[in-house]
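Structure data follow from upload-v1.csv (CSV, C-alpha atoms):
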```
chain,number,residue,atom,x,y,z
A,1,MET,CA,0.0,0.0,0.0
A,2,ILE,CA,1.4,3.4,-1.0
A,3,ARG,CA,0.8,6.2,1.5
A,4,GLY,CA,-1.6,8.9,0.2
A,5,ALA,CA,-3.1,6.5,-2.4
A,6,ALA,CA,-6.6,5.1,-2.0
A,7,MET,CA,-6.5,1.5,-0.7
A,8,SER,CA,-8.1,-1.2,-2.8
A,9,LEU,CA,-11.2,-2.8,-1.3
A,10,THR,CA,-12.1,-6.5,-1.7
A,11,LEU,CA,-14.4,-7.9,1.0
A,12,ARG,CA,-13.4,-11.4,1.8
A,13,PRO,CA,-14.7,-13.7,4.5
A,14,THR,CA,-11.6,-14.9,6.2
A,15,SER,CA,-10.6,-18.0,8.1
A,16,ARG,CA,-7.4,-16.1,9.2
A,17,ILE,CA,-8.1,-12.9,10.9
A,18,LEU,CA,-6.3,-10.6,13.2
A,19,SER,CA,-7.4,-10.5,16.7
A,20,SER,CA,-6.6,-7.5,18.9
A,21,PHE,CA,-3.2,-7.4,17.2
A,22,VAL,CA,-2.4,-10.9,18.5
A,23,GLY,CA,-1.2,-14.2,17.2
A,24,ASP,CA,-2.7,-17.4,15.7
A,25,ARG,CA,-5.4,-19.3,17.4
A,26,PHE,CA,-6.7,-22.3,15.4
A,27,LEU,CA,-10.4,-23.0,15.4
A,28,HIS,CA,-11.1,-26.7,14.8
A,29,SER,CA,-14.5,-27.9,13.4
A,30,THR,CA,-15.1,-30.6,16.0
A,31,PRO,CA,-17.0,-29.9,19.2
A,32,PRO,CA,-17.0,-29.4,22.1
A,33,LEU,CA,-16.7,-25.6,22.1
A,34,HIS,CA,-13.6,-25.4,24.4
A,35,GLN,CA,-11.7,-27.4,21.8
A,36,LEU,CA,-12.5,-24.9,19.0
A,37,PHE,CA,-9.8,-22.4,19.9
A,38,ARG,CA,-6.1,-23.3,19.7
A,39,TYR,CA,-3.1,-20.9,20.1
A,40,SER,CA,0.4,-21.2,18.6
A,41,PRO,CA,2.9,-18.9,20.4
A,42,GLY,CA,4.7,-16.4,18.3
A,43,SER,CA,2.4,-16.6,15.3
A,44,LYS,CA,0.6,-13.7,13.7
A,45,HIS,CA,-3.0,-14.3,13.0
A,46,VAL,CA,-6.2,-15.7,14.5
A,47,SER,CA,-7.5,-18.6,12.6
A,48,MET,CA,-11.2,-19.6,12.4
A,49,GLN,CA,-12.5,-22.6,10.5
A,50,LEU,CA,-16.0,-23.6,11.3
A,51,SER,CA,-17.7,-26.7,10.1
A,52,ARG,CA,-20.9,-26.1,8.1
A,53,THR,CA,-22.9,-27.6,11.0
A,54,PHE,CA,-21.4,-25.5,13.7
A,55,SER,CA,-21.4,-22.4,11.6
A,56,GLY,CA,-25.1,-22.9,10.8
A,57,LEU,CA,-25.9,-23.6,14.4
A,58,THR,CA,-24.3,-20.4,15.7
A,59,ASN,CA,-26.0,-18.3,12.9
A,60,LEU,CA,-29.3,-19.8,13.9
A,61,LEU,CA,-28.9,-19.2,17.6
A,62,PHE,CA,-27.2,-15.8,17.6
A,63,ASN,CA,-27.5,-14.0,14.2
A,64,ARG,CA,-30.6,-12.2,13.1
A,65,ARG,CA,-32.0,-13.1,9.8
A,66,ASN,CA,-31.3,-10.6,7.0
A,67,ASP,CA,-34.9,-9.8,6.5
A,68,GLU,CA,-35.1,-8.8,10.2
A,69,LEU,CA,-32.5,-6.1,9.8
A,70,PRO,CA,-34.0,-2.7,9.7
A,71,ASN,CA,-33.9,-0.7,6.5
A,72,THR,CA,-31.2,2.0,6.5
A,73,MET,CA,-29.8,4.6,4.2
A,74,ARG,CA,-26.4,4.3,5.7
A,75,LYS,CA,-23.6,3.7,3.1
A,76,ARG,CA,-21.2,0.9,3.5
A,77,LEU,CA,-17.7,2.0,4.5
A,78,LYS,CA,-15.0,2.4,1.9
A,79,PRO,CA,-11.3,3.0,2.4
A,80,GLY,CA,-10.0,6.6,2.3
A,81,LYS,CA,-6.6,8.0,1.7
A,82,LEU,CA,-3.8,7.6,4.3
A,83,SER,CA,-1.7,10.6,5.5
A,84,PRO,CA,2.1,10.3,5.7
A,85,HIS,CA,3.8,8.5,8.7
A,86,ARG,CA,3.8,10.5,11.9
A,87,PRO,CA,7.1,10.7,13.6
A,88,VAL,CA,7.8,10.0,17.3
A,89,PRO,CA,10.6,12.0,19.0
A,90,GLY,CA,13.8,9.9,19.5
A,91,HIS,CA,13.9,10.3,23.3
A,92,ILE,CA,10.5,8.4,23.7
A,93,GLU,CA,10.9,4.7,24.6
A,94,ARG,CA,9.7,2.4,21.9
A,95,PRO,CA,8.2,-1.1,22.5
A,96,PRO,CA,10.6,-3.8,21.2
A,97,TYR,CA,8.3,-4.8,18.3
A,98,VAL,CA,8.6,-1.4,16.6
A,99,LYS,CA,12.1,-2.2,15.3
A,100,SER,CA,11.4,-5.7,14.3
A,101,LYS,CA,8.2,-4.7,12.4
A,102,GLN,CA,6.8,-8.1,13.3
A,103,PRO,CA,3.9,-8.7,15.7
A,104,PRO,CA,5.2,-10.8,18.6
A,105,GLY,CA,1.9,-12.6,19.2
A,106,ILE,CA,0.9,-13.4,22.7
A,107,ALA,CA,3.6,-13.7,25.3
A,108,SER,CA,3.4,-16.8,27.4
A,109,GLY,CA,2.6,-16.3,31.1
A,110,PRO,CA,0.3,-13.8,32.8
A,111,GLU,CA,1.1,-10.2,33.6
A,112,VAL,CA,1.3,-10.2,37.4
A,113,HIS,CA,2.9,-7.1,39.0
A,114,ASP,CA,4.6,-6.0,42.2
A,115,GLU,CA,3.8,-2.6,43.8
A,116,LYS,CA,6.1,-0.7,41.4
A,117,GLY,CA,4.6,-2.5,38.4
A,118,ILE,CA,1.0,-1.7,39.6
A,119,GLU,CA,1.8,2.0,39.9
A,120,CYS,CA,3.3,1.9,36.4
A,121,MET,CA,0.1,0.2,35.1
A,122,ARG,CA,-2.0,2.8,36.8
A,123,ALA,CA,0.0,5.6,35.1
A,124,SER,CA,-0.2,4.1,31.6
A,125,GLY,CA,-3.9,3.3,32.1
A,126,ARG,CA,-4.7,6.8,33.3
A,127,LEU,CA,-3.0,8.4,30.3
A,128,ALA,CA,-4.8,6.0,27.9
A,129,ALA,CA,-8.1,7.0,29.5
A,130,GLN,CA,-7.3,10.7,29.3
A,131,VAL,CA,-6.4,10.4,25.6
A,132,LEU,CA,-9.5,8.4,24.9
A,133,GLU,CA,-11.7,11.0,26.7
A,134,TYR,CA,-10.1,13.8,24.6
A,135,ALA,CA,-10.5,11.8,21.4
A,136,GLY,CA,-14.2,11.4,22.1
A,137,THR,CA,-14.6,15.2,22.2
A,138,LEU,CA,-13.4,15.4,18.6
A,139,VAL,CA,-16.2,13.2,17.3
A,140,LYS,CA,-18.4,15.5,15.2
A,141,PRO,CA,-19.8,15.3,11.6
A,142,GLY,CA,-17.2,16.4,9.1
A,143,VAL,CA,-14.2,15.4,11.2
A,144,MET,CA,-11.9,13.0,9.4
A,145,THR,CA,-10.7,9.9,11.4
A,146,ASP,CA,-7.2,10.9,10.4
A,147,GLU,CA,-7.7,14.2,12.3
A,148,ILE,CA,-8.5,12.1,15.4
A,149,ASP,CA,-5.3,10.1,14.8
A,150,GLN,CA,-3.3,13.2,14.6
A,151,ALA,CA,-4.7,14.6,17.9
A,152,VAL,CA,-4.2,11.3,19.7
A,153,HIS,CA,-0.7,10.9,18.4
A,154,GLN,CA,0.3,14.4,19.5
A,155,MET,CA,-1.3,14.0,23.0
A,156,ILE,CA,0.5,10.7,23.6
A,157,ILE,CA,3.9,11.9,22.6
A,158,ASP,CA,3.4,15.2,24.5
A,159,ASN,CA,3.1,13.1,27.6
A,160,GLY,CA,6.3,11.2,26.9
A,161,ALA,CA,4.6,8.0,25.8
A,162,TYR,CA,4.5,5.9,22.6
A,163,PRO,CA,1.3,5.1,20.7
A,164,SER,CA,1.4,1.3,21.0
A,165,PRO,CA,-0.4,0.5,17.7
A,166,LEU,CA,2.0,2.5,15.6
A,167,GLY,CA,4.3,0.0,13.8
A,168,TYR,CA,2.8,-3.0,15.5
A,169,GLY,CA,3.1,-5.6,12.7
A,170,GLY,CA,3.1,-2.7,10.2
A,171,PHE,CA,0.0,-1.0,11.5
A,172,PRO,CA,0.4,2.5,10.0
A,173,LYS,CA,-1.4,4.8,12.6
A,174,SER,CA,-1.4,5.6,16.3
A,175,VAL,CA,-5.0,4.7,17.1
A,176,CYS,CA,-7.8,2.5,15.7
A,177,THR,CA,-11.0,4.2,14.5
A,178,SER,CA,-13.8,1.7,13.7
A,179,VAL,CA,-16.9,3.3,12.2
A,180,ASN,CA,-20.4,1.7,12.0
A,181,GLU,CA,-20.0,-1.8,10.6
A,182,CYS,CA,-16.3,-1.9,11.4
A,183,ILE,CA,-15.8,-4.4,14.2
A,184,CYS,CA,-12.2,-3.4,15.0
A,185,HIS,CA,-8.8,-2.3,13.7
A,186,GLY,CA,-10.1,0.5,11.5
A,187,ILE,CA,-7.3,2.5,10.1
A,188,PRO,CA,-7.7,6.3,10.4
A,189,ASP,CA,-7.9,7.9,6.9
A,190,SER,CA,-9.5,10.8,5.0
A,191,ARG,CA,-13.1,9.6,5.5
A,192,ALA,CA,-15.1,12.3,7.3
A,193,LEU,CA,-17.5,11.3,10.0
A,194,GLU,CA,-21.2,11.7,9.1
A,195,ASP,CA,-24.2,12.5,11.2
A,196,GLY,CA,-25.6,9.3,12.7
A,197,ASP,CA,-22.3,7.4,12.7
A,198,ILE,CA,-21.0,5.5,15.7
A,199,ILE,CA,-17.3,5.2,16.1
A,200,ASN,CA,-15.1,3.1,18.3
A,201,ILE,CA,-11.8,4.7,19.2
A,202,ASP,CA,-9.2,2.2,20.6
A,203,VAL,CA,-6.2,3.8,22.4
A,204,THR,CA,-3.1,2.1,23.7
A,205,VAL,CA,-0.1,3.9,25.2
A,206,TYR,CA,3.3,2.7,26.1
A,207,LEU,CA,4.5,4.7,29.1
A,208,ASN,CA,7.6,3.9,31.1
A,209,GLY,CA,7.7,0.3,29.8
A,210,TYR,CA,4.0,-0.5,30.4
A,211,HIS,CA,1.0,-0.6,28.1
A,212,GLY,CA,-2.4,0.8,28.9
A,213,ASP,CA,-5.2,-0.3,26.6
A,214,THR,CA,-8.8,1.0,26.4
A,215,SER,CA,-11.6,1.8,23.9
A,216,ALA,CA,-15.1,3.2,23.7
A,217,THR,CA,-17.8,3.8,21.1
A,218,PHE,CA,-19.0,7.3,20.6
A,219,PHE,CA,-22.0,8.9,18.9
A,220,CYS,CA,-21.5,11.3,16.0
A,221,GLY,CA,-24.4,13.7,15.9
A,222,ASN,CA,-27.9,12.3,15.9
A,223,VAL,CA,-27.7,8.5,16.2
A,224,ASP,CA,-30.8,6.4,15.8
A,225,ASP,CA,-32.3,4.2,18.5
A,226,GLU,CA,-30.8,1.0,17.0
A,227,GLY,CA,-27.3,2.4,17.3
A,228,ARG,CA,-27.9,3.9,20.7
A,229,GLN,CA,-29.2,0.6,22.1
A,230,LEU,CA,-26.3,-1.4,20.7
A,231,VAL,CA,-23.8,0.9,22.2
A,232,GLN,CA,-25.5,1.0,25.6
A,233,VAL,CA,-25.8,-2.8,25.8
A,234,THR,CA,-22.2,-3.3,24.7
A,235,LYS,CA,-21.1,-1.0,27.6
A,236,GLU,CA,-23.3,-2.9,29.9
A,237,CYS,CA,-21.7,-6.2,28.8
A,238,LEU,CA,-18.3,-4.8,29.7
A,239,ASP,CA,-19.4,-3.5,33.1
A,240,LYS,CA,-21.2,-6.7,34.0
A,241,ALA,CA,-18.1,-8.7,33.1
A,242,ILE,CA,-15.8,-6.5,35.2
A,243,SER,CA,-18.2,-6.8,38.1
A,244,ILE,CA,-17.6,-10.6,38.5
A,245,CYS,CA,-13.8,-10.4,38.4
A,246,ALA,CA,-11.8,-11.3,41.5
A,247,PRO,CA,-8.9,-13.6,42.5
A,248,GLY,CA,-9.8,-17.3,41.8
A,249,VAL,CA,-12.8,-16.6,39.5
A,250,GLU,CA,-12.8,-18.7,36.4
A,251,LEU,CA,-11.9,-16.7,33.3
A,252,LYS,CA,-14.7,-18.4,31.3
A,253,LYS,CA,-17.3,-16.6,33.5
A,254,ILE,CA,-16.4,-13.4,31.6
A,255,GLY,CA,-17.6,-14.9,28.3
A,256,LYS,CA,-20.8,-16.3,29.9
A,257,THR,CA,-21.6,-13.0,31.5
A,258,ILE,CA,-21.2,-11.1,28.3
A,259,GLN,CA,-23.1,-13.5,26.1
A,260,ASP,CA,-25.9,-13.9,28.6
A,261,HIS,CA,-26.6,-10.2,28.5
A,262,ALA,CA,-26.1,-9.9,24.7
A,263,ASP,CA,-28.5,-12.7,24.1
A,264,LYS,CA,-31.3,-10.8,25.8
A,265,PHE,CA,-31.2,-8.3,22.9
A,266,ARG,CA,-30.4,-10.9,20.2
A,267,TYR,CA,-27.1,-9.3,19.5
A,268,GLY,CA,-24.2,-11.2,18.0
A,269,VAL,CA,-21.0,-11.6,20.0
A,270,VAL,CA,-17.9,-11.5,17.9
A,271,GLN,CA,-15.8,-14.6,18.7
A,272,GLN,CA,-12.6,-14.2,16.8
A,273,PHE,CA,-11.3,-11.1,18.6
A,274,VAL,CA,-10.3,-11.5,22.2
A,275,GLY,CA,-9.1,-9.7,25.3
A,276,HIS,CA,-5.6,-10.4,26.6
A,277,GLY,CA,-3.1,-9.9,29.3
A,278,VAL,CA,-1.4,-6.5,29.1
A,279,GLY,CA,1.4,-4.8,30.9
A,280,ARG,CA,5.1,-5.0,30.0
A,281,VAL,CA,4.0,-6.5,26.8
A,282,PHE,CA,1.1,-5.5,24.6
A,283,HIS,CA,-0.4,-8.9,24.5
A,284,ALA,CA,0.1,-11.7,27.0
A,285,ASP,CA,-1.8,-14.6,28.5
A,286,PRO,CA,-4.6,-15.1,29.3
A,287,VAL,CA,-6.7,-15.0,26.2
A,288,ILE,CA,-10.1,-13.6,27.2
A,289,LEU,CA,-13.0,-15.1,25.2
A,290,HIS,CA,-16.1,-12.9,25.2
A,291,PHE,CA,-18.6,-15.7,24.5
A,292,ARG,CA,-19.6,-18.9,26.3
A,293,ASN,CA,-16.7,-21.3,26.5
A,294,ASN,CA,-15.1,-24.0,28.6
A,295,GLU,CA,-11.6,-22.8,28.6
A,296,SER,CA,-9.6,-23.4,31.8
A,297,GLY,CA,-7.9,-20.8,34.0
A,298,CYS,CA,-8.6,-18.5,36.9
A,299,MET,CA,-7.9,-14.9,37.7
A,300,LEU,CA,-4.8,-14.1,39.8
A,301,LEU,CA,-4.1,-11.4,42.4
A,302,ASN,CA,-2.3,-8.4,40.9
A,303,GLN,CA,-2.9,-9.7,37.3
A,304,THR,CA,-3.8,-7.2,34.5
A,305,PHE,CA,-5.7,-8.0,31.4
A,306,THR,CA,-8.3,-6.4,29.1
A,307,ILE,CA,-11.9,-7.2,28.5
A,308,GLU,CA,-13.2,-5.8,25.2
A,309,PRO,CA,-16.5,-7.2,23.9
A,310,MET,CA,-17.6,-6.5,20.4
A,311,LEU,CA,-21.4,-6.8,19.7
A,312,THR,CA,-23.3,-6.7,16.4
A,313,VAL,CA,-26.9,-6.0,15.5
A,314,GLY,CA,-26.8,-8.6,12.7
A,315,SER,CA,-24.2,-11.2,11.7
A,316,PHE,CA,-21.1,-11.5,13.9
A,317,ASN,CA,-19.2,-13.1,11.0
A,318,PRO,CA,-16.1,-10.9,10.2
A,319,VAL,CA,-14.8,-9.9,6.8
A,320,MET,CA,-11.4,-8.4,6.3
A,321,TRP,CA,-10.4,-5.7,3.8
A,322,ASP,CA,-7.3,-5.9,1.6
A,323,ASP,CA,-5.3,-3.8,4.1
A,324,ASN,CA,-5.2,-6.9,6.3
A,325,TRP,CA,-6.4,-4.9,9.3
A,326,THR,CA,-9.9,-3.5,8.9
A,327,VAL,CA,-12.6,-6.0,9.8
A,328,VAL,CA,-16.2,-5.4,9.1
A,329,THR,CA,-19.5,-7.3,9.7
A,330,GLU,CA,-20.4,-9.6,6.9
A,331,ASP,CA,-23.8,-8.1,6.3
A,332,GLY,CA,-22.9,-4.4,6.9
A,333,SER,CA,-24.8,-4.3,10.2
A,334,LEU,CA,-23.6,-2.1,13.1
A,335,SER,CA,-20.9,-3.2,15.6
A,336,ALA,CA,-19.9,-1.6,18.9
A,337,GLN,CA,-17.1,-2.2,21.3
A,338,PHE,CA,-15.9,-1.1,24.8
A,339,GLU,CA,-12.6,-2.0,26.5
A,340,HIS,CA,-10.9,-1.5,29.8
A,341,THR,CA,-7.6,-2.7,31.3
A,342,ILE,CA,-8.3,-4.1,34.8
A,343,LEU,CA,-6.2,-5.1,37.8
A,344,ILE,CA,-7.3,-8.1,39.9
A,345,THR,CA,-7.3,-7.0,43.5
A,346,GLU,CA,-8.1,-8.6,46.8
A,347,ASP,CA,-11.6,-7.0,46.7
A,348,GLY,CA,-12.4,-7.7,43.0
A,349,ALA,CA,-11.1,-5.6,40.1
A,350,GLU,CA,-9.8,-2.1,39.7
A,351,ILE,CA,-10.4,-0.4,36.4
A,352,LEU,CA,-7.0,1.1,35.4
A,353,THR,CA,-8.2,3.0,32.3
A,354,MET,CA,-10.4,5.6,33.9
A,355,CYS,CA,-9.7,9.3,34.3
```
As structure tokens:
Amino acid sequence: MIRGAAMSLTLRPTSRILSSFVGDRFLHSTPPLHQLFRYSPGSKHVSMQLSRTFSGLTNLLFNRRNDELPNTMRKRLKPGKLSPHRPVPGHIERPPYVKSKQPPGIASGPEVHDEKGIECMRASGRLAAQVLEYAGTLVKPGVMTDEIDQAVHQMIIDNGAYPSPLGYGGFPKSVCTSVNECICHGIPDSRALEDGDIINIDVTVYLNGYHGDTSATFFCGNVDDEGRQLVQVTKECLDKAISICAPGVELKKIGKTIQDHADKFRYGVVQQFVGHGVGRVFHADPVILHFRNNESGCMLLNQTFTIEPMLTVGSFNPVMWDDNWTVVTEDGSLSAQFEHTILITEDGAEILTMC
């Protein structure tokens, strides 16, 4: 892809899709569900390969039929033009993956911190939250997503931090901006926001050797009831999931909590994109599934990880653009996401990415 040129667009259902900038997990077609995800350390993509039977079952249970989707005049997203690379001052510490230009996948082992590490995580989480809050104030009709990236980039480096997405596996920008049907990893470009859009802004900062990761979905102008309810329920899913977190709690309860609430509204829960441990590395164990599952593992005291559910009005099946990052819903229906980095404490969970 040449900077400044329009990207080509070919929508393709993919069995190899990027998940939260993390490595390969292989989805086998044989049940039970907990056997469906497999992870290979150090690899680059998430893999998904559903049998016709299992795919049909999940569509029947969780996807709305196309004829049930409301009529809308909203146009499908198309790629815009990318601005030139934004520099980062030399004195700012870079994550190790920036030089290699290769995504490191998920680091084995959880992110569990001592007192100094916890304070560093609080600092990076606080900055990420402040940047996200500021970015949200920029969401207005006519504002280009590239302008949001410029503002986010500048605020992060002004605070002595590095924008974690920039250069991760070749990602070209400092923030992800996912509009309307974009599930995640939208690349900021020349597209101007329109009245009625919803936009997820995903901010991660690398400060003093620690990553803080957060995202929220914002309203642009006058958003219809369908969009507003989706965003509200997605936020509720995150809040409910955080509320059950504590030392010794099974990780799989996160997915059950999220899917139980989403099912009440017949929303799809995207399965291929996951939460993850975060701290000294961008992505670490454990992998956090946002849907019902039987994966093993429990939460640990002083552990940090993200929860970041993605819900859809219609199909939760993802389609990737030719840029190998932007992922949209198969049927063009709306998608929303919220994310926090949390710390497991003796009393439950502390949200680190709050102002």
Could you please determine the separation between CA of His340 in chain A and CA of Leu352 in chain A in Å, to one decimal place?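 According to the coordinates, CA of His340 in chain A and CA of Leu352 in chain A are separated by 7.3 Å.
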Out of A:Lys116, A:His91, A:His85, A:Arg228, which residue has the shortest atom-to-atom distance to Gly196 in chain A when counting all atoms listed in the file?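 Using all atoms listed in the file, the shortest distance to Gly196 in chain A belongs to A:Arg228.
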Å distance separating CA of Val319 in chain A from CA of Arg292 in chain A, one decimal place: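 The value is 22.0 Å.
You will find CA of Gly332 in chain A at 5.4 Å from CA of Glu181 in chain A.
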For Asp202 in chain A, please output as a PDB file with C-alpha atoms, in the coordinates of the input all residues within 12 Å (counting only C-alpha atoms; exclusion window: fewer than 5 positions along the same chain).
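Output saved as result_36.pdb:
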```
ATOM      1  CA  SER A  20      -6.600  -7.500  18.900  1.00  0.00           C
ATOM      2  CA  PHE A  21      -3.200  -7.400  17.200  1.00  0.00           C
ATOM      3  CA  ALA A 128      -4.800   6.000  27.900  1.00  0.00           C
ATOM      4  CA  ALA A 129      -8.100   7.000  29.500  1.00  0.00           C
ATOM      5  CA  VAL A 131      -6.400  10.400  25.600  1.00  0.00           C
ATOM      6  CA  LEU A 132      -9.500   8.400  24.900  1.00  0.00           C
ATOM      7  CA  GLU A 133     -11.700  11.000  26.700  1.00  0.00           C
ATOM      8  CA  ALA A 135     -10.500  11.800  21.400  1.00  0.00           C
ATOM      9  CA  GLY A 136     -14.200  11.400  22.100  1.00  0.00           C
ATOM     10  CA  ILE A 148      -8.500  12.100  15.400  1.00  0.00           C
ATOM     11  CA  ASP A 149      -5.300  10.100  14.800  1.00  0.00           C
ATOM     12  CA  VAL A 152      -4.200  11.300  19.700  1.00  0.00           C
ATOM     13  CA  PRO A 163       1.300   5.100  20.700  1.00  0.00           C
ATOM     14  CA  SER A 164       1.400   1.300  21.000  1.00  0.00           C
ATOM     15  CA  PRO A 165      -0.400   0.500  17.700  1.00  0.00           C
ATOM     16  CA  LYS A 173      -1.400   4.800  12.600  1.00  0.00           C
ATOM     17  CA  SER A 174      -1.400   5.600  16.300  1.00  0.00           C
ATOM     18  CA  VAL A 175      -5.000   4.700  17.100  1.00  0.00           C
ATOM     19  CA  CYS A 176      -7.800   2.500  15.700  1.00  0.00           C
ATOM     20  CA  THR A 177     -11.000   4.200  14.500  1.00  0.00           C
ATOM     21  CA  SER A 178     -13.800   1.700  13.700  1.00  0.00           C
ATOM     22  CA  VAL A 179     -16.900   3.300  12.200  1.00  0.00           C
ATOM     23  CA  ILE A 183     -15.800  -4.400  14.200  1.00  0.00           C
ATOM     24  CA  CYS A 184     -12.200  -3.400  15.000  1.00  0.00           C
ATOM     25  CA  HIS A 185      -8.800  -2.300  13.700  1.00  0.00           C
ATOM     26  CA  GLY A 186     -10.100   0.500  11.500  1.00  0.00           C
ATOM     27  CA  ILE A 187      -7.300   2.500  10.100  1.00  0.00           C
ATOM     28  CA  PRO A 188      -7.700   6.300  10.400  1.00  0.00           C
ATOM     29  CA  GLY A 212      -2.400   0.800  28.900  1.00  0.00           C
ATOM     30  CA  ASP A 213      -5.200  -0.300  26.600  1.00  0.00           C
ATOM     31  CA  THR A 214      -8.800   1.000  26.400  1.00  0.00           C
ATOM     32  CA  SER A 215     -11.600   1.800  23.900  1.00  0.00           C
ATOM     33  CA  ALA A 216     -15.100   3.200  23.700  1.00  0.00           C
ATOM     34  CA  THR A 217     -17.800   3.800  21.100  1.00  0.00           C
ATOM     35  CA  PHE A 218     -19.000   7.300  20.600  1.00  0.00           C
ATOM     36  CA  GLU A 308     -13.200  -5.800  25.200  1.00  0.00           C
ATOM     37  CA  ALA A 336     -19.900  -1.600  18.900  1.00  0.00           C
ATOM     38  CA  GLN A 337     -17.100  -2.200  21.300  1.00  0.00           C
ATOM     39  CA  PHE A 338     -15.900  -1.100  24.800  1.00  0.00           C
ATOM     40  CA  GLU A 339     -12.600  -2.000  26.500  1.00  0.00           C
ATOM     41  CA  HIS A 340     -10.900  -1.500  29.800  1.00  0.00           C
ATOM     42  CA  THR A 341      -7.600  -2.700  31.300  1.00  0.00           C
ATOM     43  CA  THR A 353      -8.200   3.000  32.300  1.00  0.00           C
TER      44      THR A 353
END
```
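The neighbours of range 277-285 of chain A here are the residues that come within 7 Å of it, using all atoms listed in the file and leaving out any residue fewer than 6 positions away in the same chain; they are Val22, Gly105, Ile106, Ala107, Ser108, Gly109, Pro110, Glu111, Met121, Gly209, Tyr210, His211, Thr304, Phe305 and Thr306 of chain A.
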For a quick check of understanding, using only C-alpha atoms, which of A:Leu311, A:Ile244, A:Leu300, A:Ala349 has the smallest distance to Cys182 in chain A?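 Closest to Cys182 in chain A, using only C-alpha atoms: A:Leu311.
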Which of these, A:Leu166, A:Cys245, A:Ile201, A:Val270, has the shortest distance to Thr312 in chain A once you count all atoms listed in the file?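 Counting all atoms listed in the file, the residue closest to Thr312 in chain A is A:Val270.
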If we count all atoms listed in the file, what is near Phe265 in chain A at a cut-off of 12 Å, once residues fewer than 3 positions away on the same chain are taken out, given as number ranges by chain? A: 62-64, 226, 229-234, 236-237, 258-262, 268-269, 311-314
Around (-12.3, -5.7, 37.6), as given in the file, which residues come within 7 Å? Count only C-alpha atoms and list them as a list in words. Ile242, Ser243, Cys245, Ala246, Ile342, Leu343, Ile344, Gly348, Ala349, Glu350 and Ile351 of chain A
